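Okay, so here's the structure we're looking at.
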Amino acid sequence: CADLGVHAAESGATAEGDDGSGRHTSHASPSAIADLSSGSRLPEYLDEVRWGMAWLLKMQKDDGTAYHKLTPSHFASFGDLPEQDSSRRYFSPWSTSATGNVASTGAMCARVFRGSDSKLADACLSAAKRAWSALEAHPEEEKPDLSAFGTGTYVMFDNPEWDKGIRIWAAMELYETTRDSHYLKAGEALIRTLDRDPSECGTWEQPRGCKVSQQMDWDEQRNLGMLRYALLSDTKNRDEALYRSVVEGFRVVTAGMVDRQNRDAYANVIGGFTKWGVNGETVRQTLILHGAELVLGANKTLENAAFNQLSHVLGMNSYARSYVTHLGHDPPQHPHH
């Protein structure tokens, strides 16, 4: 079986992951992200981001909340390719996770596309603000009723910090875009509730309350919010003590990652840990490592660690083959999902 539906929570994280220019505009050279104000063709990955954002905007309701997902009632048949799936799709109820992803990515979209597509940028910012207002109107996590669906829920029932992390990310992206201190104060208030001492957060199985997470799956937008907070371009109103705690969190977490990688036979940060979608988890570790390098300063050790993570899925693994379709040595031919 295959889940070929579309989900707002993962789409938001994917848009952020693809959109390096949105997160690092003030830190990357203009040539690296293209001159978006020149009218020249957008880099191909930003075309993908624009397509994804257009879909996310359609998932938002008039009240600012966003439908959690749009999927068939049940999984597609085994072996069906996405373009072969003609199943009727249904909107699920809304969720705070989907709403927060619209707020976060909408704010980023407004910055990145301002010079090349002002209409899209305006629509994104309006959606982001309305989504944040909806989150404020619903301070408690809203999980959607998915009892009518047999497809993946993409709801974290055992992670109380998931909703909090999404709100932190949304607040910091909105502050970066608008410079409205209301968002900064709201985001910092949430960060303060993650009050675990950073020194306790360097292990893979972290305790609750860490500002920076060791793991980086679709449900850990907390790291995206912390990264944005640490890299704010306007820092005059930022709580410096809180900022230093976040920076220390990145240092401790990545030091633990490098240590585990050095002890693994195939230089993989996550070692023998496995779960559904583990290759995605493996690759997303590079976001933490690269983000930490931006926060802490140029660091060859972190750079090499990120390179090793990518090498793992491209063949530096126990199977000596690529895990990525159409790329690398002996890639998968008939993927299950």
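Quick note on naming: the chains in the structure tokens go A, B, ... in the order shown, residues restart at 1 in each chain, and ligands are numbered from 1 in order of appearance.
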- Message: Taking only segment 118-310 of chain A into account, list the residues labelled alpha helix (DSSP H) by DSSP (computed from the backbone), as JSON, numbers by chain.
- Response: {"A": [118, 119, 120, 121, 122, 123, 124, 125, 126, 127, 128, 129, 130, 131, 132, 133, 134, 135, 136, 137, 161, 162, 163, 164, 165, 166, 167, 168, 169, 170, 171, 172, 173, 174, 175, 176, 177, 178, 181, 182, 183, 184, 185, 186, 187, 188, 189, 190, 191, 192, 222, 223, 224, 225, 226, 227, 228, 229, 230, 240, 241, 242, 243, 244, 245, 246, 247, 248, 249, 250, 251, 252, 253, 254, 255, 256, 257, 258, 259, 260, 261, 262, 263, 278, 279, 280, 281, 282, 283, 284, 285, 286, 287, 288, 289, 290, 291, 292, 293, 294, 295, 296, 300, 301, 302, 303, 304, 305, 306, 307, 308, 309, 310]}
- Item | Nearby residues (only C-alpha atoms) at most 6 Å from segment 223-234 of chain A, same-chain spacing under 2 positions excluded, as an MDAnalysis selection string | chainID A and resid 168:169 172 212 221 236
Which residues are close to segment 245-261 of chain A, i.e. within 7 Å by only C-alpha atoms, leaving aside same-chain residues fewer than 3 positions away? Reply as a PDB file with C-alpha atoms, in the first residue's frame.
```pdb
ATOM      1  CA  PRO A 198      21.529  22.085  27.446  1.00  0.00           C
ATOM      2  CA  SER A 199      24.174  19.861  29.038  1.00  0.00           C
ATOM      3  CA  CYS A 201      20.516  17.202  25.758  1.00  0.00           C
ATOM      4  CA  GLY A 202      23.463  15.587  23.981  1.00  0.00           C
ATOM      5  CA  THR A 203      22.123  12.024  23.833  1.00  0.00           C
ATOM      6  CA  LYS A 211      15.496  23.556  23.096  1.00  0.00           C
ATOM      7  CA  VAL A 212      17.319  21.793  20.250  1.00  0.00           C
ATOM      8  CA  GLN A 214      18.620  15.468  18.336  1.00  0.00           C
ATOM      9  CA  MET A 226      15.488  27.703  17.088  1.00  0.00           C
ATOM     10  CA  ALA A 230      19.576  32.185  16.440  1.00  0.00           C
ATOM     11  CA  ALA A 241      20.531  35.073  27.733  1.00  0.00           C
ATOM     12  CA  LEU A 242      17.889  33.000  25.984  1.00  0.00           C
ATOM     13  CA  ASP A 264      29.644   4.185  13.796  1.00  0.00           C
ATOM     14  CA  ALA A 267      29.822   7.211   9.906  1.00  0.00           C
ATOM     15  CA  ASN A 268      26.094   7.648  10.390  1.00  0.00           C
ATOM     16  CA  VAL A 269      24.933  10.034  13.109  1.00  0.00           C
ATOM     17  CA  GLY A 271      23.910   4.648  14.089  1.00  0.00           C
ATOM     18  CA  LEU A 289      24.697  20.141  11.376  1.00  0.00           C
ATOM     19  CA  ALA A 292      24.759  24.702  13.801  1.00  0.00           C
ATOM     20  CA  VAL A 295      25.100  29.586  14.375  1.00  0.00           C
ATOM     21  CA  ALA A 305      29.724  15.259   9.451  1.00  0.00           C
TER      22      ALA A 305
END
```
For the contact check between segment 167-284 of chain A and segment 127-138 of chain A, emit one row per residue of segment 167-284 of chain A within 12 Å, containing the shortest atom pair and the distance in Å rounded to one decimal, counting only C-alpha atoms, chain then rising number order, as a Markdown table.
```
| residue | atom | partner | partner_atom | distance |
| --- | --- | --- | --- | --- |
| A:Arg167 | CA | A:Leu135 | CA | 7.8 |
| A:Ile168 | CA | A:Trp132 | CA | 10.9 |
| A:Trp169 | CA | A:Trp132 | CA | 11.0 |
| A:Ala170 | CA | A:Trp132 | CA | 7.4 |
| A:Ala171 | CA | A:Trp132 | CA | 7.8 |
| A:Met172 | CA | A:Trp132 | CA | 11.2 |
| A:Glu173 | CA | A:Ala128 | CA | 9.4 |
| A:Leu174 | CA | A:Ala128 | CA | 7.5 |
| A:Tyr175 | CA | A:Lys129 | CA | 10.7 |
| A:Thr177 | CA | A:Ala128 | CA | 10.3 |
| A:Thr178 | CA | A:Lys129 | CA | 9.9 |
| A:Asp180 | CA | A:Lys129 | CA | 11.2 |
| A:His182 | CA | A:Trp132 | CA | 11.1 |
| A:Tyr183 | CA | A:Trp132 | CA | 9.1 |
| A:Ala186 | CA | A:Glu136 | CA | 9.7 |
| A:Gly187 | CA | A:Trp132 | CA | 11.4 |
```
For all heavy atoms, I'd like the residues from the last selection saved as a tab-separated table (two decimals), in the first residue's frame.
```
chain	number	residue	atom	x	y	z
A	167	ARG	N	4.70	26.33	16.80
A	167	ARG	CA	4.38	27.72	17.14
A	167	ARG	C	5.64	28.57	17.25
A	167	ARG	O	5.66	29.74	16.85
A	167	ARG	CB	3.57	27.76	18.44
A	167	ARG	CG	2.17	27.16	18.30
A	167	ARG	CD	1.49	27.01	19.66
A	167	ARG	NE	0.25	26.26	19.56
A	167	ARG	CZ	-0.98	26.81	19.50
A	167	ARG	NH1	-1.11	28.12	19.55
A	167	ARG	NH2	-2.05	26.05	19.42
A	168	ILE	N	6.71	27.99	17.81
A	168	ILE	CA	7.98	28.73	17.90
A	168	ILE	C	8.48	29.06	16.50
A	168	ILE	O	8.90	30.20	16.22
A	168	ILE	CB	9.03	27.91	18.67
A	168	ILE	CG1	8.63	27.82	20.15
A	168	ILE	CG2	10.42	28.52	18.53
A	168	ILE	CD1	9.47	26.83	20.94
A	169	TRP	N	8.46	28.08	15.62
A	169	TRP	CA	8.91	28.31	14.24
A	169	TRP	C	8.07	29.40	13.58
A	169	TRP	O	8.61	30.32	12.95
A	169	TRP	CB	8.83	27.00	13.47
A	169	TRP	CG	9.31	27.08	12.06
A	169	TRP	CD1	10.30	27.89	11.56
A	169	TRP	CD2	8.84	26.31	10.95
A	169	TRP	NE1	10.47	27.67	10.21
A	169	TRP	CE2	9.59	26.71	9.81
A	169	TRP	CE3	7.88	25.32	10.81
A	169	TRP	CZ2	9.37	26.15	8.55
A	169	TRP	CZ3	7.67	24.75	9.56
A	169	TRP	CH2	8.41	25.16	8.44
A	170	ALA	N	6.76	29.32	13.72
A	170	ALA	CA	5.87	30.32	13.12
A	170	ALA	C	6.16	31.71	13.64
A	170	ALA	O	6.26	32.68	12.87
A	170	ALA	CB	4.41	29.94	13.39
A	171	ALA	N	6.32	31.83	14.94
A	171	ALA	CA	6.56	33.14	15.54
A	171	ALA	C	7.86	33.75	15.04
A	171	ALA	O	7.92	34.95	14.71
A	171	ALA	CB	6.59	33.01	17.06
A	172	MET	N	8.92	32.95	14.96
A	172	MET	CA	10.22	33.48	14.57
A	172	MET	C	10.26	33.84	13.08
A	172	MET	O	10.87	34.84	12.69
A	172	MET	CB	11.32	32.49	14.91
A	172	MET	CG	11.50	32.30	16.40
A	172	MET	SD	11.62	33.90	17.28
A	172	MET	CE	11.28	33.37	18.96
A	173	GLU	N	9.61	33.06	12.25
A	173	GLU	CA	9.57	33.40	10.82
A	173	GLU	C	8.77	34.68	10.61
A	173	GLU	O	9.14	35.53	9.78
A	173	GLU	CB	9.00	32.26	10.00
A	173	GLU	CG	9.85	30.99	9.97
A	173	GLU	CD	11.20	31.18	9.31
A	173	GLU	OE1	11.44	32.24	8.69
A	173	GLU	OE2	12.04	30.26	9.42
A	174	LEU	N	7.68	34.83	11.35
A	174	LEU	CA	6.87	36.05	11.21
A	174	LEU	C	7.63	37.27	11.72
A	174	LEU	O	7.55	38.36	11.14
A	174	LEU	CB	5.55	35.88	11.96
A	174	LEU	CG	4.45	35.19	11.15
A	174	LEU	CD1	3.36	34.64	12.05
A	174	LEU	CD2	3.87	36.16	10.11
A	175	TYR	N	8.39	37.11	12.80
A	175	TYR	CA	9.18	38.23	13.28
A	175	TYR	C	10.26	38.62	12.28
A	175	TYR	O	10.49	39.80	12.01
A	175	TYR	CB	9.82	37.92	14.63
A	175	TYR	CG	10.69	39.05	15.12
A	175	TYR	CD1	10.13	40.26	15.51
A	175	TYR	CD2	12.08	38.95	15.14
A	175	TYR	CE1	10.91	41.33	15.93
A	175	TYR	CE2	12.87	39.99	15.56
A	175	TYR	CZ	12.29	41.18	15.95
A	175	TYR	OH	13.07	42.24	16.35
A	177	THR	N	10.17	38.37	9.17
A	177	THR	CA	9.56	39.01	8.00
A	177	THR	C	8.98	40.37	8.32
A	177	THR	O	9.12	41.30	7.52
A	177	THR	CB	8.44	38.10	7.44
A	177	THR	OG1	9.00	36.84	7.07
A	177	THR	CG2	7.78	38.72	6.21
A	178	THR	N	8.35	40.52	9.47
A	178	THR	CA	7.59	41.74	9.76
A	178	THR	C	8.28	42.70	10.72
A	178	THR	O	7.95	43.88	10.75
A	178	THR	CB	6.23	41.39	10.37
A	178	THR	OG1	6.43	40.79	11.67
A	178	THR	CG2	5.47	40.42	9.47
A	180	ASP	N	7.72	42.76	13.73
A	180	ASP	CA	6.71	43.04	14.74
A	180	ASP	C	7.11	42.30	16.02
A	180	ASP	O	7.11	41.08	16.05
A	180	ASP	CB	5.33	42.59	14.26
A	180	ASP	CG	4.21	42.95	15.22
A	180	ASP	OD1	4.48	43.17	16.42
A	180	ASP	OD2	3.04	42.99	14.77
A	182	HIS	N	5.68	41.64	18.63
A	182	HIS	CA	4.67	40.75	19.20
A	182	HIS	C	5.03	39.29	18.93
A	182	HIS	O	4.90	38.44	19.82
A	182	HIS	CB	3.29	41.06	18.61
A	182	HIS	CG	2.24	40.06	18.97
A	182	HIS	ND1	1.69	39.99	20.24
A	182	HIS	CD2	1.63	39.08	18.24
A	182	HIS	CE1	0.80	39.01	20.27
A	182	HIS	NE2	0.74	38.45	19.08
A	183	TYR	N	5.48	39.00	17.72
A	183	TYR	CA	5.84	37.63	17.36
A	183	TYR	C	7.08	37.18	18.12
A	183	TYR	O	7.16	36.03	18.59
A	183	TYR	CB	6.06	37.51	15.85
A	183	TYR	CG	4.86	37.88	15.02
A	183	TYR	CD1	4.90	38.95	14.12
A	183	TYR	CD2	3.67	37.17	15.13
A	183	TYR	CE1	3.79	39.29	13.35
A	183	TYR	CE2	2.56	37.51	14.37
A	183	TYR	CZ	2.63	38.57	13.48
A	183	TYR	OH	1.54	38.90	12.73
A	186	ALA	N	6.16	36.41	21.74
A	186	ALA	CA	5.38	35.17	21.84
A	186	ALA	C	6.28	33.96	21.66
A	186	ALA	O	6.16	32.96	22.39
A	186	ALA	CB	4.27	35.18	20.79
A	187	GLY	N	7.19	34.03	20.69
A	187	GLY	CA	8.09	32.91	20.45
A	187	GLY	C	9.05	32.70	21.60
A	187	GLY	O	9.31	31.56	22.00
```
- Item | Proximity to Asp62 of chain A - best of A:Arg192, A:Trp276, A:Trp94, A:Trp204, only C-alpha atoms |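 Of the candidates, the smallest distance to Asp62 of chain A is held by A:Trp94.
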- Query: Excluding same-chain residues fewer than 2 positions from Cys124 of chain A, what lies within 7 Å of it counting only C-alpha atoms, as an NGL selection string?
  - Reply: :A and (106-107 or 109-110 or 120-122 or 126-128)
Save out the residues we just selected, C-alpha atoms, as a compact mmCIF listing (two decimals), in the first residue's frame.
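Wrote it out as selection_22.txt, contents follow:
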```txt
# COMPACT_ATOMS: atom_id res chain seq x y z
CA GLY A 106 3.93 31.79 4.50
CA ALA A 107 6.23 34.20 6.33
CA CYS A 109 7.55 32.83 1.22
CA ALA A 110 6.84 36.53 1.70
CA LEU A 120 2.52 35.61 -4.20
CA ALA A 121 4.54 37.30 -1.45
CA ASP A 122 1.51 39.38 -0.39
CA SER A 126 -1.60 37.56 4.59
CA ALA A 127 -2.05 33.80 5.04
CA ALA A 128 0.76 33.66 7.60
```
- What is the distance, in Å and to one decimal place, between atom CA of Ala265 of chain A and atom CA of Asn317 of chain A? 8.7 Å
- Separating atom CA of Asn101 of chain A from atom CA of Leu56 of chain A, to the nearest tenth of an Å, is a gap of 8.7 Å
- Item | Straight-line distance linking atom CA of Tyr154 of chain A with atom CA of Asn279 of chain A, stated in Å to one decimal |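 Rounded to one decimal, the two atoms are 17.4 Å apart.
Distance annotation: of A:Leu287, A:Gly328, A:Glu293, A:Phe75, the residue with the minimal separation from Gln309 of chain A is A:Leu287; atom set is only C-alpha atoms.
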